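Next comes run.pdb, with PDB, C-alpha atoms.
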```pdb
MODEL        1
ATOM      1  CA  MET K 428      86.352 109.125 120.555
ATOM      2  CA  PRO K 429      88.161 106.204 118.901
ATOM      3  CA  ARG K 430      90.781 107.209 116.362
ATOM      4  CA  THR K 431      91.402 105.359 113.110
ATOM      5  CA  LEU K 432      93.904 106.255 110.430
ATOM      6  CA  LYS K 433      95.513 104.844 107.322
ATOM      7  CA  LEU K 434      99.232 104.569 106.645
ATOM      8  CA  TYR K 435     101.253 103.866 103.514
ATOM      9  CA  LYS K 436     103.825 101.497 105.009
ATOM     10  CA  PRO K 437     107.095 101.705 103.106
ATOM     11  CA  TYR K 438     109.398  98.849 102.204
ATOM     12  CA  ASP K 439     111.779  97.667 104.969
ATOM     13  CA  VAL K 440     109.632  98.885 107.886
ATOM     14  CA  LEU K 441     108.482  96.412 110.531
ATOM     15  CA  CYS K 442     104.750  96.267 111.168
ATOM     16  CA  GLN K 443     105.159  96.904 114.905
ATOM     17  CA  PHE K 444     106.036  99.811 117.180
ATOM     18  CA  THR K 445     109.172  98.475 118.867
ATOM     19  CA  ASP K 446     112.181  96.444 117.798
ATOM     20  CA  PRO K 447     115.075  95.423 120.056
ATOM     21  CA  GLY K 448     117.322  95.322 117.006
ATOM     22  CA  GLY K 449     116.791  98.977 116.214
ATOM     23  CA  ARG K 450     115.188  98.412 112.820
ATOM     24  CA  ALA K 451     112.651 100.864 111.397
ATOM     25  CA  THR K 452     109.156 100.442 112.864
ATOM     26  CA  LEU K 453     105.755 102.119 112.747
ATOM     27  CA  ALA K 454     106.868 104.327 115.640
ATOM     28  CA  ASP K 455     109.178 106.112 113.210
ATOM     29  CA  LEU K 456     106.187 107.074 111.080
ATOM     30  CA  VAL K 457     103.120 107.468 113.320
ATOM     31  CA  PRO K 458     103.492 109.687 116.428
ATOM     32  CA  ILE K 459      99.999 108.823 117.700
ATOM     33  CA  PRO K 460      99.865 107.079 121.091
ATOM     34  CA  GLY K 461      97.517 104.176 121.616
ATOM     35  CA  VAL K 462      96.935 103.071 118.023
ATOM     36  CA  TYR K 463      98.037  99.730 116.648
ATOM     37  CA  ALA K 464      97.798  97.976 113.308
ATOM     38  CA  ALA K 465      94.607  96.101 112.441
ATOM     39  CA  GLY K 466      96.385  93.543 110.276
ATOM     40  CA  ARG K 467      99.976  93.136 109.206
ATOM     41  CA  LEU K 468     102.315  93.547 106.267
ATOM     42  CA  ASP K 469     105.671  91.829 105.972
ATOM     43  CA  ARG K 470     108.808  93.903 106.275
ATOM     44  CA  ASP K 471     109.466  93.536 102.538
ATOM     45  CA  SER K 472     105.879  94.404 101.563
ATOM     46  CA  GLU K 473     104.426  97.880 101.168
ATOM     47  CA  GLY K 474     101.066  99.564 101.243
ATOM     48  CA  LEU K 475      97.956 100.181 103.242
ATOM     49  CA  LEU K 476      97.743  99.642 106.978
ATOM     50  CA  ILE K 477      94.711 100.540 109.073
ATOM     51  CA  LEU K 478      95.686 101.679 112.584
ATOM     52  CA  THR K 479      93.179 102.206 115.352
ATOM     53  CA  ASP K 480      92.767 102.453 119.101
ATOM     54  CA  ASP K 481      89.337 100.775 118.811
ATOM     55  CA  GLY K 482      89.884  97.200 119.980
ATOM     56  CA  PRO K 483      86.560  95.707 118.803
ATOM     57  CA  LEU K 484      87.004  97.299 115.370
ATOM     58  CA  ALA K 485      90.548  95.928 115.074
ATOM     59  CA  HIS K 486      89.317  92.471 116.056
ATOM     60  CA  ARG K 487      86.582  92.434 113.427
ATOM     61  CA  LEU K 488      88.932  93.683 110.727
ATOM     62  CA  THR K 489      91.445  90.912 111.432
ATOM     63  CA  ASP K 490      89.050  88.041 112.135
ATOM     64  CA  PRO K 491      89.355  85.726 109.079
ATOM     65  CA  ARG K 492      85.698  84.680 109.374
ATOM     66  CA  PHE K 493      84.538  88.034 108.018
ATOM     67  CA  ASP K 494      86.013  87.609 104.499
ATOM     68  CA  HIS K 495      87.117  91.239 104.228
ATOM     69  CA  PRO K 496      88.410  91.927 100.706
ATOM     70  CA  LYS K 497      92.006  93.120 100.473
ATOM     71  CA  THR K 498      93.424  94.335  97.159
ATOM     72  CA  TYR K 499      97.089  93.768  96.311
ATOM     73  CA  LEU K 500      99.302  94.825  93.422
ATOM     74  CA  ALA K 501     101.975  92.209  92.787
ATOM     75  CA  GLN K 502     104.913  92.423  90.421
ATOM     76  CA  VAL K 503     105.714  88.856  89.458
ATOM     77  CA  GLU K 504     108.430  87.083  87.562
ATOM     78  CA  ARG K 505     107.457  86.251  83.974
ATOM     79  CA  ILE K 506     104.075  86.929  82.409
ATOM     80  CA  PRO K 507     101.294  84.702  83.766
ATOM     81  CA  ASP K 508      99.234  82.878  81.164
ATOM     82  CA  ASP K 509      95.522  82.138  81.386
ATOM     83  CA  ASP K 510      96.127  78.813  83.146
ATOM     84  CA  ALA K 511      98.098  80.473  85.950
ATOM     85  CA  LEU K 512      95.531  83.252  86.367
ATOM     86  CA  ASP K 513      92.644  80.775  86.377
ATOM     87  CA  ALA K 514      94.413  78.688  89.026
ATOM     88  CA  LEU K 515      94.612  81.745  91.288
ATOM     89  CA  ARG K 516      90.948  82.484  90.616
ATOM     90  CA  ARG K 517      89.938  78.967  91.593
ATOM     91  CA  GLY K 518      92.226  78.852  94.636
ATOM     92  CA  VAL K 519      95.550  77.067  94.992
ATOM     93  CA  THR K 520      96.690  74.486  97.517
ATOM     94  CA  LEU K 521      99.388  75.709  99.911
ATOM     95  CA  GLY K 522     101.134  73.935 102.755
ATOM     96  CA  ASP K 523      98.356  74.981 105.126
ATOM     97  CA  GLY K 524      95.513  74.002 102.804
ATOM     98  CA  PRO K 525      93.642  75.373  99.789
ATOM     99  CA  THR K 526      93.057  79.100  99.472
ATOM    100  CA  LYS K 527      89.728  80.690  98.752
ATOM    101  CA  PRO K 528      89.165  81.845  95.169
ATOM    102  CA  ALA K 529      90.738  85.216  94.372
ATOM    103  CA  ASP K 530      89.761  87.965  91.972
ATOM    104  CA  VAL K 531      92.748  88.298  89.630
ATOM    105  CA  GLU K 532      93.560  90.641  86.769
ATOM    106  CA  LEU K 533      96.693  90.879  84.631
ATOM    107  CA  LEU K 534      97.473  94.592  84.267
ATOM    108  CA  ALA K 535      98.307  95.907  80.824
ATOM    109  CA  GLU K 536     100.541  98.627  82.310
ATOM    110  CA  PRO K 537     102.459  98.969  85.588
ATOM    111  CA  PRO K 538     100.396 100.700  88.287
ATOM    112  CA  ASP K 539     101.023 104.352  89.062
ATOM    113  CA  ILE K 540     102.817 103.891  92.374
ATOM    114  CA  PRO K 541     106.106 105.301  93.716
ATOM    115  CA  GLU K 542     109.357 103.515  92.970
ATOM    116  CA  ARG K 543     110.716 101.319  95.729
ATOM    117  CA  PRO K 544     113.885 102.703  97.355
ATOM    118  CA  VAL K 545     115.565  99.310  96.958
ATOM    119  CA  PRO K 546     115.088  98.006  93.400
ATOM    120  CA  ILE K 547     113.659  94.536  92.909
ATOM    121  CA  ARG K 548     115.997  91.795  91.745
ATOM    122  CA  PHE K 549     115.947  91.430  87.980
ATOM    123  CA  ARG K 550     117.079  88.382  86.069
ATOM    124  CA  LYS K 551     118.485  89.016  82.630
ATOM    125  CA  ASN K 552     116.043  88.154  79.851
ATOM    126  CA  VAL K 553     113.260  87.318  82.335
ATOM    127  CA  PRO K 554     110.277  89.690  81.974
ATOM    128  CA  THR K 555     108.034  90.791  84.824
ATOM    129  CA  ALA K 556     104.330  91.596  84.987
ATOM    130  CA  TRP K 557     101.906  93.237  87.396
ATOM    131  CA  ILE K 558      98.722  91.567  88.579
ATOM    132  CA  ARG K 559      95.921  92.799  90.812
ATOM    133  CA  LEU K 560      94.591  90.294  93.331
ATOM    134  CA  VAL K 561      91.678  90.562  95.731
ATOM    135  CA  ILE K 562      91.796  87.982  98.501
ATOM    136  CA  ARG K 563      89.532  87.429 101.492
ATOM    137  CA  GLU K 564      91.974  85.712 103.811
ATOM    138  CA  GLY K 565      95.038  86.793 105.739
ATOM    139  CA  ARG K 566      97.469  83.907 105.928
ATOM    140  CA  ASN K 567     101.172  84.476 106.449
ATOM    141  CA  ARG K 568     102.762  85.704 103.177
ATOM    142  CA  GLN K 569      99.708  84.435 101.343
ATOM    143  CA  VAL K 570      99.952  86.386  98.091
ATOM    144  CA  ARG K 571     103.636  85.547  97.695
ATOM    145  CA  ARG K 572     102.928  81.873  98.310
ATOM    146  CA  MET K 573      99.990  81.860  95.886
ATOM    147  CA  THR K 574     101.910  83.368  92.993
ATOM    148  CA  ALA K 575     104.883  81.094  93.656
ATOM    149  CA  ALA K 576     102.539  78.083  93.612
ATOM    150  CA  VAL K 577     101.548  78.892  90.014
ATOM    151  CA  GLY K 578     105.142  79.489  88.913
ATOM    152  CA  HIS K 579     105.379  83.278  89.222
ATOM    153  CA  PRO K 580     107.309  84.419  92.308
ATOM    154  CA  THR K 581     106.359  87.849  93.617
ATOM    155  CA  LEU K 582     109.141  90.420  93.356
ATOM    156  CA  ARG K 583     107.267  93.396  94.793
ATOM    157  CA  LEU K 584     104.008  93.497  96.742
ATOM    158  CA  VAL K 585     101.834  96.511  97.552
ATOM    159  CA  ARG K 586      98.528  96.332  99.420
ATOM    160  CA  TRP K 587      96.380  98.925  97.700
ATOM    161  CA  ALA K 588      93.077  98.630  99.563
ATOM    162  CA  VAL K 589      91.152  97.115 102.457
ATOM    163  CA  GLY K 590      87.538  97.124 101.394
ATOM    164  CA  ALA K 591      86.865 100.629 100.058
ATOM    165  CA  ILE K 592      89.798 102.206 101.953
ATOM    166  CA  THR K 593      92.680 102.825  99.525
ATOM    167  CA  LEU K 594      96.097 104.452  99.348
ATOM    168  CA  ASP K 595      94.674 107.370  97.363
ATOM    169  CA  GLY K 596      96.252 110.626  98.523
ATOM    170  CA  LEU K 597      99.118 108.989 100.428
ATOM    171  CA  SER K 598     102.803 108.569  99.664
ATOM    172  CA  PRO K 599     105.117 106.039 101.345
ATOM    173  CA  GLY K 600     105.665 106.826 105.013
ATOM    174  CA  HIS K 601     102.686 109.193 105.262
ATOM    175  CA  TRP K 602      99.442 108.700 107.153
ATOM    176  CA  ALA K 603      96.058 110.413 107.475
ATOM    177  CA  ASP K 604      92.983 110.171 109.655
ATOM    178  CA  LEU K 605      90.130 108.488 107.833
ATOM    179  CA  SER K 606      87.641 110.852 106.243
ATOM    180  CA  ASP K 607      83.983 110.639 107.226
ATOM    181  CA  PRO K 608      83.108 108.581 104.111
ATOM    182  CA  GLU K 609      86.047 106.270 104.802
ATOM    183  CA  GLN K 610      84.981 105.896 108.430
ATOM    184  CA  SER K 611      81.481 104.983 107.275
ATOM    185  CA  ALA K 612      82.792 102.465 104.738
ATOM    186  CA  LEU K 613      85.042 100.859 107.333
ATOM    187  CA  ARG K 614      82.253 100.593 109.892
ATOM    188  CA  SER K 615      79.992  99.015 107.277
ATOM    189  CA  LEU K 616      82.705  96.535 106.369
ATOM    190  CA  SER K 617      83.349  95.579 109.988
ATOM    191  CA  ALA K 618      79.605  95.242 110.653
ATOM    192  CA  LEU K 619      79.200  92.436 108.116
ATOM    193  CA  ARG K 620      78.243  89.133 109.627
ATOM    194  CA  PRO K 621      80.695  86.258 109.151
ATOM    195  CA  PRO K 622      79.496  83.344 106.999
ATOM    196  CA  ALA K 623      77.601  80.758 109.015
ATOM    197  CA  ARG K 624      79.534  77.603 109.741
ATOM    198  CA  ARG K 625      77.710  74.448 108.738
ATOM    199  CA  PRO K 626      77.349  71.678 111.324
ATOM    200  CA  ARG K 627      79.861  68.860 111.031
ATOM    201  CA  ASN K 628      77.071  66.407 110.130
ATOM    202  CA  ASP K 629      75.657  68.647 107.369
ATOM    203  CA  PRO K 630      75.883  66.604 104.113
ATOM    204  CA  ARG K 631      76.625  69.785 102.141
ATOM    205  CA  ALA K 632      79.692  70.373 104.300
ATOM    206  CA  ARG K 633      80.853  66.803 103.677
ATOM    207  CA  ARG K 634      80.473  67.212  99.915
ATOM    208  CA  ARG K 635      82.700  70.282  99.909
ATOM    209  CA  THR K 636      85.554  68.382 101.554
ATOM    210  CA  ARG K 637      85.609  65.450  99.106
TER
ENDMDL
END
```

Please go through the file and, once you have read it, give me the structure as structure tokens.
Amino acid sequence: MPRTLKLYKPYDVLCQFTDPGGRATLADLVPIPGVYAAGRLDRDSEGLLILTDDGPLAHRLTDPRFDHPKTYLAQVERIPDDDALDALRRGVTLGDGPTKPADVELLAEPPDIPERPVPIRFRKNVPTAWIRLVIREGRNRQVRRMTAAVGHPTLRLVRWAVGAITLDGLSPGHWADLSDPEQSALRSLSALRPPARRPRNDPRARRRTR
């Protein structure tokens, strides 16, 4: 039977199983042969990774056409105002094009997550804030680039959820097999059909690009 599990990837761990340079990798945390990450997190990011030995499932979870929601907690420099939050909600233009709209919330209190072993860089007299973002894309360093584009560089980034699968019950460096309800939720998520692509000569498609 295919095996799927969730891992709380800590800060400063590469999202791969080998590294010629001897840096910390997933192999130091997950002693399960045959599984690999369905998606990635940067070395300096933390949070949820789904690992599986089910190739078709991994493909569907990483295919950007499926719009899978991913929830992030981002600690940003300075306190975003309504204009910055609304810009993220509408979508911002990055070097590789405009992003899709994001669900964004400014948190009144820091989230209840473990401290990072290496503290973030603080600038004297510059406050920080936490925001929750739900995006449906997976571009390289996307959340960091989005918050920087609206004037609020990300200092710490934690992926909290993929769909309904969350970090609940995990601490950094720990993993667990998905429960039956989590397996069901993940299968339902991966069974969603991708949005239909409109033909190039569809006038509605042309209007969206103007």

Need the neighbours of (87.6, 112.8, 102.7): which residues are at most 12 Å away, counting all atoms listed in the file, as JSON, numbers by chain? {"K": [432, 592, 593, 595, 596, 603, 604, 605, 606, 607, 608, 609, 610, 611, 612]}

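The space separating atom CA of Met573 of chain K from atom CA of Phe493 of chain K comes to 20.6 Å.
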
Segment 448-506 of chain K near segment 542-545 of chain K within 12 Å: what's each residue's closest atom pair and its distance in Å to one decimal, counting all atoms listed in the file, ordered by chain then ascending residue number, as JSON lines?
```
{"residue": "K:Asp471", "atom": "CA", "partner": "K:Val545", "partner_atom": "CA", "distance": 10.1}
{"residue": "K:Ser472", "atom": "CA", "partner": "K:Arg543", "partner_atom": "CA", "distance": 10.3}
{"residue": "K:Glu473", "atom": "CA", "partner": "K:Arg543", "partner_atom": "CA", "distance": 9.0}
{"residue": "K:Gly474", "atom": "CA", "partner": "K:Arg543", "partner_atom": "CA", "distance": 11.3}
{"residue": "K:Gln502", "atom": "CA", "partner": "K:Arg543", "partner_atom": "CA", "distance": 11.9}
```

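Compared by their closest atoms to Ala485 of chain K, and using only C-alpha atoms, the residues K:Leu515, K:Val440, K:Leu616, K:Ala535 rank with K:Leu616 nearest.
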
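For Pro458 of chain K, the non-local neighbours within 12 Å, defined as residues at least 6 positions apart in the same chain or in other chains and counting all atoms listed in the file, are Leu432, Leu434, Phe444, Thr452, Leu478, Gly600, His601, Trp602 and Ala603 of chain K.
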
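Minimum distance to Arg572 of chain K across K:Asp509, K:Asp523, K:Asp494, K:Asp480 (counting all atoms listed in the file) occurs at K:Asp523.
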
Just the residues within 10 Å of Val585 of chain K, please, counting only C-alpha atoms, with nothing from its chain fewer than 5 positions along; format it as a PyMOL selection string. chain K and resi 435-438+468+471-475+498-502+540+559+594

Grab the residues selected above and save them as a CSV table (one decimal), keeping the file's coordinate frame with C-alpha atoms.
```
chain,number,residue,atom,x,y,z
K,435,TYR,CA,101.3,103.9,103.5
K,436,LYS,CA,103.8,101.5,105.0
K,437,PRO,CA,107.1,101.7,103.1
K,438,TYR,CA,109.4,98.8,102.2
K,468,LEU,CA,102.3,93.5,106.3
K,471,ASP,CA,109.5,93.5,102.5
K,472,SER,CA,105.9,94.4,101.6
K,473,GLU,CA,104.4,97.9,101.2
K,474,GLY,CA,101.1,99.6,101.2
K,475,LEU,CA,98.0,100.2,103.2
K,498,THR,CA,93.4,94.3,97.2
K,499,TYR,CA,97.1,93.8,96.3
K,500,LEU,CA,99.3,94.8,93.4
K,501,ALA,CA,102.0,92.2,92.8
K,502,GLN,CA,104.9,92.4,90.4
K,540,ILE,CA,102.8,103.9,92.4
K,559,ARG,CA,95.9,92.8,90.8
K,594,LEU,CA,96.1,104.5,99.3
```

Kindly compute an axis-aligned box around the listed atoms of segment 495-507 of chain K, allowing 3 Å on each side, and express its centre and edge lengths in Å to one decimal as JSON.
```
{"center_x": 97.8, "center_y": 89.8, "center_z": 93.3, "size_x": 27.3, "size_y": 16.1, "size_z": 27.8}
```

Just checking: using all atoms listed in the file, which residue out of K:Leu533, K:Val553, K:Ala576, K:Val503 ends up closest to Val519 of chain K? K:Ala576

Hey, which of K:Leu456, K:Pro554, K:Arg467, K:Pro546 ends up closest to Arg568 of chain K? Count all atoms listed in the file. K:Arg467

Enter the distance from atom CA of Ala465 of chain K to atom CA of Thr489 of chain K, in Å, rounded to one decimal. 6.2 Å

Given the file shown, enumerate the residues that the PyMOL selection byres ((chain K and resi 577) around 12) captures and present them as a PyMOL selection string. chain K and resi 503-521+570-576+578-581

Evaluate the PyMOL selection byres ((chain K and resi 563) around 9) and record the selected residues as a count of residues only, following the chain and residue labels used in the document. 13

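Atom to atom, atom CA of Thr445 of chain K and atom CA of Lys433 of chain K stand 19.0 Å apart.
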
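Of the listed residues (K:Leu488, K:Leu582, K:Ile459, K:Val531), K:Leu582 comes nearest to Arg550 of chain K; the distances count all atoms listed in the file.
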
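Among the candidates K:Arg586, K:Pro599, K:Asp481, K:Gly449, the one nearest to Val462 of chain K when counting all atoms listed in the file is K:Asp481.
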
With all atoms listed in the file as the counted atoms, please give the residues lying no more than 8 Å from Glu536 of chain K, apart from itself and same-chain residues fewer than 2 positions off, as a list in words. Leu534, Pro538 and Trp557 of chain K
